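Here's the structure we're looking at; comments come further down.
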Amino acid sequence: MTNRVTTTQETKATTDAVRLLPRDRLADLFHALTARGYQVIGPRVDQGAIIYDQLTSVEELPRGWTDEQGPGYYRLKRREDDDAFGYVVGPHSWKRYLFPPLVTLARIERDGEDWHIESQPESPVKRAFLGVRACELAAIAVQDRVFLSQAYVDPIYQARRESVCLIAANCTQAAATCFCTSMDTGPRCRSGFDLAITEIAAGYIVEVGSELGASLAADLPLRPASPEDQADGEAARARAVAQIERTLDTHDIRALLMNNLDHPQWDDVGQRCLSCTNCTMVCPTCFCCSVTEVGDLTEQHIERQRQWDSCFHPDFSYINGGQVRGQVRSRYRQWLTHKLATWIDQFDVSGCVGCGRCITWCPVGIDLTEEVAAIRGNPS
Amino acid sequence: MMARVRPKLAVFKFASCDGCQLTLLDAEDHLLEVAGQVDICYFLEATSRVVDGPYDLALVEGSITTAHDAARIREVRRNARFLITLGACATAGGIQSLRNWGNLPEFLQAVYARPEYIQTLATSTAIAAHVSVDFELRGCPINKAQLLDVLRAFLADRRPNVPKHSVCLDCKRHGTVCIMVAQGVPCMGPITQTGCGALCPSYDRGCYGCYGPCEQSQGEAWGRSLVRSGQPVPTVLHQLRSFNAGAEDWRQAGDSLDNCASTAGPARTEEPRS
């Protein structure tokens with residue numbers, strides 16, 4: 001694959017000494033990004049959660065906040081320290097900026113009996129994502145395969161993706177909903193970033209992952225990390241690993257699910273699932289969308305819009321007079337088997353990165369790891 | 001080319017607050033466009049000009065609460081090529097359908113000095129319970145943009161573009177954080193049809209369910225989950241039994257919760273399950 005996006009951001013083996021950005025110099029990183037014309041998108045507290053939004057300064061980072069998560073449960077909590085990246089993942093994912101929820105694809109004007117269709121490409125905005133987790137890097141890599149690697153490249157995703165700078169942040173803790181270790185995506189950031197940081201008491205241990213990252217690092221007041229700093233970094237990253245309790249057994253998972261399409265567990269979950277679409281909306285890899293033409297009353301001026309849609313929306317499978325998946329049970333089964341099994345056939349990778357968002361943000365707390373375990377425990 | 005004959009439009013009111021037909025007047029700039037595209041033949045709230053039917057399109061607001069109205073809606077149907085209902089009253093019986101769970105003689109005694117003058121049915125029911133309906137536009141009140149789309153669809157002979165998915169999908173598209181998960185606020189969004197653009201959750205208020213059940217709404221699963229998480233049954237019942245109390249899924253969900261209230265298990269605490 002000769003994809004510019006992935007080749008420029010491959011991690012290069014670096015023999016550089018481990019370096020540290022002092023804790024009070026985080027703003028220098030922010031300024032290095034804005035000086036290069038990047039709009040910084042990062043975490044901040046809003047609406048009782050840590051969301052991703054455009055930041056105007058490091059003062060907006062969620063210093064001293066963390067999150068507590070469980071199935072259908074999320075609460076902000078105060079930390080005992082003032083770490084800026086001491087949370088896990090929230091309701092937003094970076095896909096909102098790479099695969100936006102609503103875009104106008106074309107403007108269509110009627111001219112007598114003719115139609116004029118105008119479709120202008122977006123002018124790319126340079127965005128720097130600050131605080132990308134390992135599971136989120138994996139999710140971006142999954143969406144790269146979906147939108148860029150096959151016969152049909154999505155020009156909107158491509159333009160946005162190519163102008164992104166990724167500043168990753170290693171997790172120093174895990175939520176009860178995390179299972180990235182089962183999906184082999186984290187919690188350590190291994191590749192796909194420009195810079196990666198690990199937050200410790202003294203500051204931020206910095207790893208360079210690309211030429212852009214090296215150029216940013218050259219502008220920062222870095223000092224060599226002391227053996228204590230390095231030990232702190234290792235301990236912080238190890239703490240995240242140790243805190244992960246949830247597991248998903250992925251052994252032969254494609255065959256397991258596809259051989260159990262009539263398992264009674266699908267009926268059971270079909271009784272509990274609200275088919276509300278929340279899991280697919282918060283999932284950082286789900287990519288379903290629908291295209292609608294929206295006209296004025298005289299239908300002389302029409303906009304063709306693309307917006308996020310979901311396999312849980314009954315009408316999403318409406319074709320030729322009927323719904324292909326007309327029951328909640330069949331829609332849940334479609335989602336889970338696609339995510340964990342047929343995604344592998346389609347894109348040669350699992351659609352699940354183990355971030356746990358679908359568990360946390362399900363209003364009735366349905367946990368996909370439990371659903372799979374129930375099928376595995378009693379296969380039909 | 002022959003001049004196009006403008007379709008004849010009529011607007012009828014049954015038991016309702018007038019808010020839905022006001023939405024048509026509230027269309028302001030677009031109202032003139034509408035007036036240019038159709039011949040408004042019967043719309044008493046807007047004009048005293050009345051042209052006899054039959055009509056190409058009848059917009060019907062309100063529910064059926066009297067024997068007189070039950071006869072009148074049949075007459076409206078006979079006189080209309082297309083019949084579209086507007087709002088929660090016309091599509092689900094409205095807030096007044098709460099009488100379906102009450103005792104009508106008691107209400108009459110409590111409210112009216114001379115109850116013997118009141119002639120009313122014991123129930124408030126949707127228009128579709130009486131006559132066939134070509135399209136139901138939901139909401140309490142309806143959404144202006146959706147109403148205009150329904151009129152456009154009628155004029156262009158296409159299906160209205162009125163989505164039937166949950167409110168949640170709109171919250172997520174807008175980036176609104178789920179108040180049910182992040183704050184423990186009971187919200188009807190997961191079982192309610194979109195229409196308002198997910199207004200209430202963006203103001204930290206649970207969805208009231210103005211637009212009624214979304215397609216294949218799972219009212220009972222939603223209600224049971226709230227009760228398990230510690231919400232009192234009466235709170236959940238009050239949510240299900242509101243403007244759209246008479247909508248089939250929510251009526252069944254509420255009745256089922258009501259019947260099972262005494263046999264419900266112990267309430268779950270606020271702590272997360274891991």
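Identifiers in the structure tokens: chain A, B, ... in order shown; residue index from 1 per chain; ligand index from 1 in order shown.
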
Sorted per-residue table, chain B near chain A, closest atoms and distance, 7 Å, only C-alpha atoms, as a tab-separated table:
```
residue	atom	partner	partner_atom	distance
B:Leu148	CA	A:Leu297	CA	6.9
B:Arg152	CA	A:Leu297	CA	5.4
B:His165	CA	A:His313	CA	5.6
B:Ser166	CA	A:Cys276	CA	5.6
B:Cys168	CA	A:Cys276	CA	6.2
B:Leu169	CA	A:Thr277	CA	6.1
B:Lys172	CA	A:Met281	CA	6.1
B:Arg173	CA	A:Pro101	CA	5.3
B:Val177	CA	A:Gln47	CA	6.2
B:Met180	CA	A:Pro363	CA	6.6
B:Val181	CA	A:Tyr73	CA	4.9
B:Ala182	CA	A:Tyr74	CA	4.7
B:Pro190	CA	A:Cys276	CA	4.9
B:Ile191	CA	A:Cys276	CA	6.9
B:Glu215	CA	A:Pro314	CA	7.0
B:Gln218	CA	A:Leu274	CA	5.3
B:Ala221	CA	A:Arg272	CA	5.5
B:Trp222	CA	A:Leu274	CA	6.8
B:Ser225	CA	A:Val364	CA	6.0
B:Pro272	CA	A:Gly70	CA	4.9
B:Arg273	CA	A:Gly70	CA	5.6
B:Ser274	CA	A:Gly70	CA	5.7
```

May I have the residues from that selection written out with C-alpha atoms, as a CSV table (one decimal), in the first residue's frame?
```csv
chain,number,residue,atom,x,y,z
B,148,LEU,CA,-42.8,22.2,5.0
B,152,ARG,CA,-43.1,19.8,-0.6
B,165,HIS,CA,-34.9,7.2,14.2
B,166,SER,CA,-34.2,8.0,17.9
B,168,CYS,CA,-30.0,9.9,20.4
B,169,LEU,CA,-28.8,9.9,16.8
B,172,LYS,CA,-24.5,12.3,18.9
B,173,ARG,CA,-24.4,14.1,15.6
B,177,VAL,CA,-23.1,14.5,25.8
B,180,MET,CA,-28.6,9.7,30.9
B,181,VAL,CA,-25.1,8.2,31.1
B,182,ALA,CA,-23.1,11.2,32.3
B,190,PRO,CA,-33.5,6.4,23.2
B,191,ILE,CA,-37.2,5.6,22.5
B,215,GLU,CA,-39.8,3.3,14.9
B,218,GLN,CA,-38.4,-0.4,22.9
B,221,ALA,CA,-36.9,-2.3,27.9
B,222,TRP,CA,-36.2,1.4,28.5
B,225,SER,CA,-33.8,-0.4,32.8
B,272,PRO,CA,-21.3,1.4,38.1
B,273,ARG,CA,-21.3,-2.2,37.4
B,274,SER,CA,-17.9,-3.5,36.4
```

Could you write out, as a PyMOL selection string, all the residues of stretch 18-168 of chain B that DSSP marks as strand (DSSP E)? chain B and resi 39-42+55-61+80-86+135-137

Close residues, A:Arg23 itself excluded, 8 Å, only C-alpha atoms, min 6 positions apart in chain, as a compact mmCIF listing (two decimals) with N, CA and C atoms, in the first residue's frame:
```txt
# COMPACT_ATOMS: atom_id res chain seq x y z
N ALA A 201 5.00 13.17 37.02
CA ALA A 201 5.02 14.33 37.93
C ALA A 201 5.95 15.43 37.42
N ALA A 202 7.08 15.04 36.83
CA ALA A 202 8.05 16.05 36.40
C ALA A 202 7.66 16.71 35.08
N GLY A 203 6.80 16.07 34.31
CA GLY A 203 6.44 16.64 33.01
C GLY A 203 5.96 15.58 32.05
N TYR A 204 6.46 15.70 30.81
CA TYR A 204 5.97 14.83 29.74
C TYR A 204 7.14 14.18 29.04
```

Taking only C-alpha atoms into account, which of A:Gly233, A:Gln158, A:Leu195, A:Gly321 comes nearest A:Leu220? A:Leu195

Identify, on the basis of only C-alpha atoms, every residue whose closest approach to B:Ser97 does not exceed 10 Å; exclude the query and any residue fewer than 2 positions from it along the same chain; express the result as a VMD selection string. chain B and resid 63 to 65 89 92 to 95 99 to 102 122 to 126 241 to 247

Please produce an output containing C-alpha atoms for each residue in the selection, written as an mmCIF file, in the first residue's frame.
```
data_model
loop_
_atom_site.group_PDB
_atom_site.id
_atom_site.type_symbol
_atom_site.label_atom_id
_atom_site.label_comp_id
_atom_site.auth_asym_id
_atom_site.auth_seq_id
_atom_site.Cartn_x
_atom_site.Cartn_y
_atom_site.Cartn_z
ATOM 1 C CA SER B 63 -57.876 13.888 18.692
ATOM 2 C CA ILE B 64 -61.337 12.372 18.737
ATOM 3 C CA THR B 65 -63.053 12.927 22.093
ATOM 4 C CA CYS B 89 -53.151 14.722 19.577
ATOM 5 C CA ALA B 92 -51.610 9.448 19.542
ATOM 6 C CA GLY B 93 -54.586 11.056 21.306
ATOM 7 C CA GLY B 94 -52.552 13.833 22.960
ATOM 8 C CA ILE B 95 -52.191 14.756 26.629
ATOM 9 C CA ARG B 99 -58.419 10.272 30.552
ATOM 10 C CA ASN B 100 -58.141 6.757 29.089
ATOM 11 C CA TRP B 101 -56.618 5.691 32.435
ATOM 12 C CA GLY B 102 -59.008 7.784 34.539
ATOM 13 C CA ALA B 122 -64.638 8.184 27.783
ATOM 14 C CA THR B 123 -61.492 8.128 25.628
ATOM 15 C CA SER B 124 -59.309 10.410 23.535
ATOM 16 C CA THR B 125 -58.063 8.577 20.458
ATOM 17 C CA ALA B 126 -55.903 9.198 17.424
ATOM 18 C CA ARG B 241 -47.825 8.796 29.993
ATOM 19 C CA SER B 242 -47.602 12.310 28.676
ATOM 20 C CA PHE B 243 -48.370 13.940 25.287
ATOM 21 C CA ASN B 244 -47.996 10.595 23.564
ATOM 22 C CA ALA B 245 -49.454 8.378 26.296
ATOM 23 C CA GLY B 246 -51.806 6.768 23.782
ATOM 24 C CA ALA B 247 -49.063 5.757 21.332
#
```

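Using only C-alpha atoms for every distance, the candidate list A:Trp94, A:Cys165, A:Phe99, A:Trp115 yields A:Cys165 as the residue closest to A:Gln39.
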
Please, which residues of stretch 148-265 of chain A, numbered as in this document, come out alpha helix (DSSP H) from DSSP, as a PyMOL selection string? chain A and resi 148+155-162+180-183+211-218+227-243+253-258+264-265

What is the atom CA of A:Ala169-atom CA of A:Pro62 distance in Å, reported with one decimal?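 If I compute the distance from atom CA of A:Ala169 to atom CA of A:Pro62, I get 13.6 Å.
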
So, with only C-alpha atoms as the atoms that count, which of B:Pro7, B:Pro186, B:Gly206, B:Gly223 lies closest to B:Asp157? B:Pro7

I'd like the neighbourhood of stretch 252-261 of chain B as a list in words, where a residue qualifies if any of its atoms comes within 7 Å (using only C-alpha atoms), though same-chain residues fewer than 2 positions away should be ignored.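 Selected residues are Gly219, Glu220, Val233, Leu237, Leu240, Glu248, Asp249, Trp250, Thr263 and Ala264 of chain B.
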
Near-A:Pro379 list (7 Å; only C-alpha atoms; drop same-chain fewer than 3 positions) as a list in words: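 These residues fall inside the cut-off: Asn260, Ile375 and Arg376 of chain A.
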
For A:Ala168, work out the shell of residues within 10 Å, counting only C-alpha atoms and skipping chain neighbours fewer than 5 positions away, then give it as a count of residues only. 22

Tell me, in Å to one decimal, how far atom CA of B:Gln96 is from atom CA of B:Gly62.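 Between atom CA of B:Gln96 and atom CA of B:Gly62 the gap is 10.0 Å.
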
Straight-line distance linking atom CA of B:Gly195 with atom CA of B:Gly175, stated in Å to one decimal: 16.8 Å

Measuring atom to atom with only C-alpha atoms, identify which of A:Ala17, A:Cys180, A:Ile302, A:Leu26 is nearest to A:Val208.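 With only C-alpha atoms as the atom set, the closest residue is A:Ala17.
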
Restricting the calculation to only C-alpha atoms: of A:Gln120, A:Gln323, A:Ser57, A:Ser350, which residue gets closest to A:Asp184?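 Using only C-alpha atoms, the shortest distance to A:Asp184 belongs to A:Ser350.
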